[in-house]
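Have a look at the structure below before the remarks.
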Amino acid sequence: MEIKVLGPGCVSCFKMEELARTAVRELDIEARIEKITDIGQIAMHGILSTPGLMVNGKIKHSGKPLPSLEMVKELIKGEA
């Protein structure tokens, strides 16, 4: 599974990365988590509002408010 967290490095972006890592650990699944901070790359992925979360190439969340840990787990499980 490939997970991308997209954001320039704000507090919410770091929190989204933390949520994704915690969700993967709690779900006990294998995933490669990549953090993308370049604005150009973020836009190329179709994310218009950060932080963004992509799972296996699909946008699962964009912008604020941040989803809960349980919601992130559901978003990831939906692609497992």
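All residue names refer to the structure tokens as shown: chains lettered A, B, ... in order, residues numbered from 1 in each chain, ligands numbered from 1 in order.
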
task: Using only C-alpha atoms, determine which residues lie at most 8 Å from A:Ala31, disregarding the query and same-chain residues fewer than 3 positions distant; provide the list as a PyMOL selection string.
output: chain A and resi 1-3+24

message: Please list as a list in words every residue within 7 Å of stretch 12-23 of chain A, counting only C-alpha atoms and excluding residues in the same chain fewer than 6 positions away.
response: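 Residues meeting the cut-off are Val5, Pro51, Leu69, Val72 and Lys73 of chain A.
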
With C-alpha atoms kept, could you save the residues just selected as a JSON list (two decimals), in the first residue's frame?
[["chain", "number", "residue", "atom", "x", "y", "z"],
["A", 5, "VAL", "CA", 0.72, 12.93, 2.96],
["A", 51, "PRO", "CA", -3.11, 18.75, 4.23],
["A", 69, "LEU", "CA", -7.74, 8.75, 13.79],
["A", 72, "VAL", "CA", -8.10, 7.87, 8.78],
["A", 73, "LYS", "CA", -8.15, 4.16, 9.62]]

So which bits of chain A end up alpha helix (DSSP H) when you DSSP the backbone, as an mmCIF file with all heavy atoms, in the first residue's frame?
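As written to disk, states-v4.cif reads:
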data_model
loop_
_atom_site.group_PDB
_atom_site.id
_atom_site.type_symbol
_atom_site.label_atom_id
_atom_site.label_comp_id
_atom_site.auth_asym_id
_atom_site.auth_seq_id
_atom_site.Cartn_x
_atom_site.Cartn_y
_atom_site.Cartn_z
ATOM 1 N N VAL A 11 1.543 22.818 10.870
ATOM 2 C CA VAL A 11 1.210 21.967 12.010
ATOM 3 C C VAL A 11 0.189 20.896 11.613
ATOM 4 O O VAL A 11 0.323 19.726 11.981
ATOM 5 C CB VAL A 11 0.679 22.821 13.187
ATOM 6 C CG1 VAL A 11 0.147 21.944 14.305
ATOM 7 C CG2 VAL A 11 1.768 23.746 13.708
ATOM 8 N N SER A 12 -0.815 21.279 10.832
ATOM 9 C CA SER A 12 -1.835 20.316 10.410
ATOM 10 C C SER A 12 -1.247 19.232 9.521
ATOM 11 O O SER A 12 -1.667 18.075 9.582
ATOM 12 C CB SER A 12 -2.964 21.032 9.666
ATOM 13 O OG SER A 12 -3.657 21.896 10.538
ATOM 14 N N CYS A 13 -0.267 19.593 8.711
ATOM 15 C CA CYS A 13 0.379 18.618 7.827
ATOM 16 C C CYS A 13 1.151 17.581 8.637
ATOM 17 O O CYS A 13 1.107 16.393 8.347
ATOM 18 C CB CYS A 13 1.294 19.326 6.834
ATOM 19 S SG CYS A 13 0.424 20.499 5.781
ATOM 20 N N PHE A 14 1.863 18.058 9.658
ATOM 21 C CA PHE A 14 2.589 17.127 10.523
ATOM 22 C C PHE A 14 1.617 16.221 11.266
ATOM 23 O O PHE A 14 1.868 15.030 11.452
ATOM 24 C CB PHE A 14 3.489 17.879 11.511
ATOM 25 C CG PHE A 14 4.707 18.480 10.877
ATOM 26 C CD1 PHE A 14 4.890 19.845 10.863
ATOM 27 C CD2 PHE A 14 5.671 17.673 10.275
ATOM 28 C CE1 PHE A 14 6.014 20.413 10.278
ATOM 29 C CE2 PHE A 14 6.798 18.224 9.685
ATOM 30 C CZ PHE A 14 6.968 19.599 9.688
ATOM 31 N N LYS A 15 0.484 16.774 11.688
ATOM 32 C CA LYS A 15 -0.526 15.981 12.394
ATOM 33 C C LYS A 15 -1.122 14.921 11.466
ATOM 34 O O LYS A 15 -1.349 13.784 11.888
ATOM 35 C CB LYS A 15 -1.628 16.903 12.943
ATOM 36 C CG LYS A 15 -2.712 16.188 13.701
ATOM 37 C CD LYS A 15 -2.196 15.544 14.972
ATOM 38 C CE LYS A 15 -3.338 14.894 15.733
ATOM 39 N NZ LYS A 15 -2.869 14.113 16.865
ATOM 40 N N MET A 16 -1.354 15.274 10.200
ATOM 41 C CA MET A 16 -1.889 14.304 9.240
ATOM 42 C C MET A 16 -0.898 13.152 9.052
ATOM 43 O O MET A 16 -1.306 11.983 8.997
ATOM 44 C CB MET A 16 -2.186 14.974 7.897
ATOM 45 C CG MET A 16 -2.703 14.008 6.850
ATOM 46 S SD MET A 16 -4.316 13.287 7.252
ATOM 47 C CE MET A 16 -5.364 14.579 6.620
ATOM 48 N N GLU A 17 0.380 13.469 8.964
ATOM 49 C CA GLU A 17 1.387 12.413 8.828
ATOM 50 C C GLU A 17 1.377 11.511 10.059
ATOM 51 O O GLU A 17 1.429 10.284 9.944
ATOM 52 C CB GLU A 17 2.773 13.017 8.623
ATOM 53 C CG GLU A 17 3.850 11.965 8.432
ATOM 54 C CD GLU A 17 5.228 12.552 8.213
ATOM 55 O OE1 GLU A 17 5.426 13.767 8.406
ATOM 56 O OE2 GLU A 17 6.125 11.772 7.845
ATOM 57 N N GLU A 18 1.279 12.113 11.234
ATOM 58 C CA GLU A 18 1.217 11.346 12.479
ATOM 59 C C GLU A 18 -0.018 10.438 12.502
ATOM 60 O O GLU A 18 0.063 9.265 12.897
ATOM 61 C CB GLU A 18 1.192 12.312 13.661
ATOM 62 C CG GLU A 18 1.115 11.642 15.015
ATOM 63 C CD GLU A 18 0.990 12.676 16.132
ATOM 64 O OE1 GLU A 18 1.708 13.691 16.095
ATOM 65 O OE2 GLU A 18 0.154 12.451 17.030
ATOM 66 N N LEU A 19 -1.159 10.976 12.074
ATOM 67 C CA LEU A 19 -2.391 10.172 12.021
ATOM 68 C C LEU A 19 -2.228 8.982 11.076
ATOM 69 O O LEU A 19 -2.644 7.868 11.395
ATOM 70 C CB LEU A 19 -3.572 11.039 11.564
ATOM 71 C CG LEU A 19 -4.120 12.043 12.566
ATOM 72 C CD1 LEU A 19 -5.074 13.011 11.880
ATOM 73 C CD2 LEU A 19 -4.819 11.322 13.712
ATOM 74 N N ALA A 20 -1.629 9.224 9.908
ATOM 75 C CA ALA A 20 -1.449 8.145 8.931
ATOM 76 C C ALA A 20 -0.531 7.060 9.488
ATOM 77 O O ALA A 20 -0.822 5.869 9.368
ATOM 78 C CB ALA A 20 -0.885 8.702 7.632
ATOM 79 N N ARG A 21 0.559 7.470 10.104
ATOM 80 C CA ARG A 21 1.507 6.487 10.659
ATOM 81 C C ARG A 21 0.880 5.695 11.799
ATOM 82 O O ARG A 21 1.058 4.481 11.895
ATOM 83 C CB ARG A 21 2.793 7.173 11.112
ATOM 84 C CG ARG A 21 3.605 7.699 9.944
ATOM 85 C CD ARG A 21 4.969 8.242 10.367
ATOM 86 N NE ARG A 21 5.647 8.835 9.233
ATOM 87 C CZ ARG A 21 6.267 8.153 8.273
ATOM 88 N NH1 ARG A 21 6.291 6.838 8.323
ATOM 89 N NH2 ARG A 21 6.869 8.771 7.275
ATOM 90 N N THR A 22 0.124 6.375 12.649
ATOM 91 C CA THR A 22 -0.548 5.693 13.760
ATOM 92 C C THR A 22 -1.598 4.723 13.227
ATOM 93 O O THR A 22 -1.709 3.586 13.707
ATOM 94 C CB THR A 22 -1.194 6.720 14.708
ATOM 95 O OG1 THR A 22 -0.176 7.582 15.219
ATOM 96 C CG2 THR A 22 -1.902 6.033 15.865
ATOM 97 N N ALA A 23 -2.357 5.138 12.235
ATOM 98 C CA ALA A 23 -3.393 4.281 11.655
ATOM 99 C C ALA A 23 -2.781 3.017 11.061
ATOM 100 O O ALA A 23 -3.279 1.909 11.293
ATOM 101 C CB ALA A 23 -4.179 5.042 10.587
ATOM 102 N N VAL A 24 -1.702 3.158 10.317
ATOM 103 C CA VAL A 24 -1.039 2.003 9.706
ATOM 104 C C VAL A 24 -0.540 1.050 10.785
ATOM 105 O O VAL A 24 -0.708 -0.168 10.690
ATOM 106 C CB VAL A 24 0.123 2.470 8.786
ATOM 107 C CG1 VAL A 24 1.040 1.324 8.417
ATOM 108 C CG2 VAL A 24 -0.435 3.135 7.539
ATOM 109 N N ARG A 25 0.049 1.620 11.825
ATOM 110 C CA ARG A 25 0.567 0.791 12.925
ATOM 111 C C ARG A 25 -0.575 0.053 13.630
ATOM 112 O O ARG A 25 -0.486 -1.148 13.879
ATOM 113 C CB ARG A 25 1.347 1.672 13.902
ATOM 114 C CG ARG A 25 2.051 0.927 15.003
ATOM 115 C CD ARG A 25 2.958 1.807 15.868
ATOM 116 N NE ARG A 25 2.312 2.999 16.390
ATOM 117 C CZ ARG A 25 2.541 4.250 15.964
ATOM 118 N NH1 ARG A 25 3.403 4.478 14.998
ATOM 119 N NH2 ARG A 25 1.912 5.262 16.504
ATOM 120 N N GLU A 26 -1.657 0.765 13.926
ATOM 121 C CA GLU A 26 -2.777 0.143 14.636
ATOM 122 C C GLU A 26 -3.521 -0.870 13.771
ATOM 123 O O GLU A 26 -4.066 -1.846 14.295
ATOM 124 C CB GLU A 26 -3.736 1.210 15.164
ATOM 125 C CG GLU A 26 -3.149 1.989 16.316
ATOM 126 C CD GLU A 26 -4.121 2.957 16.955
ATOM 127 O OE1 GLU A 26 -5.324 2.948 16.619
ATOM 128 O OE2 GLU A 26 -3.657 3.745 17.814
ATOM 129 N N LEU A 27 -3.557 -0.649 12.469
ATOM 130 C CA LEU A 27 -4.202 -1.602 11.563
ATOM 131 C C LEU A 27 -3.289 -2.785 11.252
ATOM 132 O O LEU A 27 -3.742 -3.772 10.670
ATOM 133 C CB LEU A 27 -4.597 -0.909 10.252
ATOM 134 C CG LEU A 27 -5.716 0.123 10.350
ATOM 135 C CD1 LEU A 27 -5.815 0.911 9.056
ATOM 136 C CD2 LEU A 27 -7.039 -0.551 10.687
ATOM 137 N N ILE A 39 5.143 22.421 -3.256
ATOM 138 C CA ILE A 39 3.837 22.938 -3.675
ATOM 139 C C ILE A 39 3.478 22.489 -5.100
ATOM 140 O O ILE A 39 2.331 22.134 -5.374
ATOM 141 C CB ILE A 39 3.808 24.482 -3.580
ATOM 142 C CG1 ILE A 39 3.999 24.931 -2.131
ATOM 143 C CG2 ILE A 39 2.514 25.049 -4.147
ATOM 144 C CD1 ILE A 39 2.889 24.512 -1.189
ATOM 145 N N GLY A 40 4.453 22.481 -5.992
ATOM 146 C CA GLY A 40 4.206 22.053 -7.364
ATOM 147 C C GLY A 40 3.766 20.602 -7.434
ATOM 148 O O GLY A 40 2.823 20.263 -8.155
ATOM 149 N N GLN A 41 4.446 19.738 -6.674
ATOM 150 C CA GLN A 41 4.073 18.323 -6.658
ATOM 151 C C GLN A 41 2.710 18.120 -6.004
ATOM 152 O O GLN A 41 1.929 17.275 -6.430
ATOM 153 C CB GLN A 41 5.136 17.503 -5.925
ATOM 154 C CG GLN A 41 6.396 17.325 -6.711
ATOM 155 C CD GLN A 41 7.349 16.365 -6.011
ATOM 156 O OE1 GLN A 41 6.941 15.563 -5.180
ATOM 157 N NE2 GLN A 41 8.616 16.458 -6.350
ATOM 158 N N ILE A 42 2.437 18.908 -4.972
ATOM 159 C CA ILE A 42 1.137 18.805 -4.303
ATOM 160 C C ILE A 42 0.025 19.117 -5.315
ATOM 161 O O ILE A 42 -0.948 18.373 -5.435
ATOM 162 C CB ILE A 42 1.060 19.748 -3.082
ATOM 163 C CG1 ILE A 42 2.024 19.259 -1.988
ATOM 164 C CG2 ILE A 42 -0.367 19.859 -2.555
ATOM 165 C CD1 ILE A 42 2.235 20.253 -0.854
ATOM 166 N N ALA A 43 0.195 20.190 -6.065
ATOM 167 C CA ALA A 43 -0.801 20.578 -7.071
ATOM 168 C C ALA A 43 -0.909 19.531 -8.176
ATOM 169 O O ALA A 43 -2.013 19.225 -8.643
ATOM 170 C CB ALA A 43 -0.437 21.934 -7.667
ATOM 171 N N MET A 44 0.222 18.947 -8.592
ATOM 172 C CA MET A 44 0.200 17.916 -9.635
ATOM 173 C C MET A 44 -0.589 16.691 -9.197
ATOM 174 O O MET A 44 -1.141 15.975 -10.024
ATOM 175 C CB MET A 44 1.625 17.506 -10.020
ATOM 176 C CG MET A 44 2.313 18.517 -10.899
ATOM 177 S SD MET A 44 4.023 18.124 -11.379
ATOM 178 C CE MET A 44 4.155 16.386 -11.229
ATOM 179 N N LEU A 69 -8.538 9.952 14.011
ATOM 180 C CA LEU A 69 -7.740 8.749 13.790
ATOM 181 C C LEU A 69 -8.624 7.626 13.262
ATOM 182 O O LEU A 69 -8.244 6.911 12.334
ATOM 183 C CB LEU A 69 -7.039 8.321 15.075
ATOM 184 C CG LEU A 69 -6.270 6.996 15.007
ATOM 185 C CD1 LEU A 69 -5.184 7.035 13.933
ATOM 186 C CD2 LEU A 69 -5.683 6.656 16.365
ATOM 187 N N GLU A 70 -9.819 7.483 13.814
ATOM 188 C CA GLU A 70 -10.721 6.420 13.361
ATOM 189 C C GLU A 70 -11.118 6.611 11.900
ATOM 190 O O GLU A 70 -11.210 5.643 11.144
ATOM 191 C CB GLU A 70 -11.959 6.347 14.260
ATOM 192 C CG GLU A 70 -11.656 5.854 15.665
ATOM 193 C CD GLU A 70 -10.930 4.502 15.687
ATOM 194 O OE1 GLU A 70 -11.353 3.582 14.964
ATOM 195 O OE2 GLU A 70 -9.937 4.384 16.431
ATOM 196 N N MET A 71 -11.328 7.860 11.491
ATOM 197 C CA MET A 71 -11.681 8.129 10.101
ATOM 198 C C MET A 71 -10.497 7.817 9.180
ATOM 199 O O MET A 71 -10.686 7.239 8.110
ATOM 200 C CB MET A 71 -12.104 9.592 9.934
ATOM 201 C CG MET A 71 -12.390 9.954 8.488
ATOM 202 S SD MET A 71 -13.679 8.962 7.704
ATOM 203 C CE MET A 71 -15.123 9.668 8.429
ATOM 204 N N VAL A 72 -9.287 8.177 9.591
ATOM 205 C CA VAL A 72 -8.098 7.870 8.778
ATOM 206 C C VAL A 72 -7.961 6.356 8.626
ATOM 207 O O VAL A 72 -7.672 5.859 7.540
ATOM 208 C CB VAL A 72 -6.824 8.500 9.385
ATOM 209 C CG1 VAL A 72 -5.568 8.028 8.648
ATOM 210 C CG2 VAL A 72 -6.904 10.019 9.347
ATOM 211 N N LYS A 73 -8.212 5.630 9.695
ATOM 212 C CA LYS A 73 -8.150 4.163 9.623
ATOM 213 C C LYS A 73 -9.169 3.631 8.611
ATOM 214 O O LYS A 73 -8.871 2.736 7.825
ATOM 215 C CB LYS A 73 -8.377 3.546 11.010
ATOM 216 C CG LYS A 73 -7.181 3.757 11.931
ATOM 217 C CD LYS A 73 -7.520 3.554 13.386
ATOM 218 C CE LYS A 73 -7.481 2.160 13.843
ATOM 219 N NZ LYS A 73 -7.619 2.029 15.309
ATOM 220 N N GLU A 74 -10.373 4.190 8.630
ATOM 221 C CA GLU A 74 -11.406 3.763 7.681
ATOM 222 C C GLU A 74 -10.996 4.089 6.239
ATOM 223 O O GLU A 74 -11.218 3.284 5.323
ATOM 224 C CB GLU A 74 -12.744 4.414 8.008
ATOM 225 C CG GLU A 74 -13.384 3.886 9.272
ATOM 226 C CD GLU A 74 -13.684 2.388 9.198
ATOM 227 O OE1 GLU A 74 -14.196 1.919 8.158
ATOM 228 O OE2 GLU A 74 -13.417 1.706 10.205
ATOM 229 N N LEU A 75 -10.419 5.265 6.022
ATOM 230 C CA LEU A 75 -9.972 5.659 4.691
ATOM 231 C C LEU A 75 -8.904 4.704 4.164
ATOM 232 O O LEU A 75 -8.914 4.331 2.999
ATOM 233 C CB LEU A 75 -9.450 7.093 4.706
ATOM 234 C CG LEU A 75 -10.464 8.187 5.035
ATOM 235 C CD1 LEU A 75 -9.767 9.531 5.200
ATOM 236 C CD2 LEU A 75 -11.544 8.272 3.971
ATOM 237 N N ILE A 76 -8.009 4.317 5.042
ATOM 238 C CA ILE A 76 -6.930 3.400 4.646
ATOM 239 C C ILE A 76 -7.471 1.993 4.438
ATOM 240 O O ILE A 76 -7.148 1.330 3.450
ATOM 241 C CB ILE A 76 -5.794 3.422 5.690
ATOM 242 C CG1 ILE A 76 -5.081 4.792 5.640
ATOM 243 C CG2 ILE A 76 -4.801 2.284 5.458
ATOM 244 C CD1 ILE A 76 -4.082 5.026 6.749
ATOM 245 N N LYS A 77 -8.336 1.531 5.346
ATOM 246 C CA LYS A 77 -8.897 0.181 5.201
ATOM 247 C C LYS A 77 -9.697 0.038 3.917
ATOM 248 O O LYS A 77 -9.733 -1.033 3.323
ATOM 249 C CB LYS A 77 -9.808 -0.150 6.395
ATOM 250 C CG LYS A 77 -9.070 -0.587 7.624
ATOM 251 C CD LYS A 77 -9.945 -1.233 8.668
ATOM 252 C CE LYS A 77 -11.136 -0.443 9.080
ATOM 253 N NZ LYS A 77 -11.832 -0.994 10.259
#

message: Using DSSP secondary structure from the backbone, list all strand (DSSP E or B) positions within chain A, as an NGL selection string.
response: :A and (2-6 or 32-36 or 52-55 or 58-62)
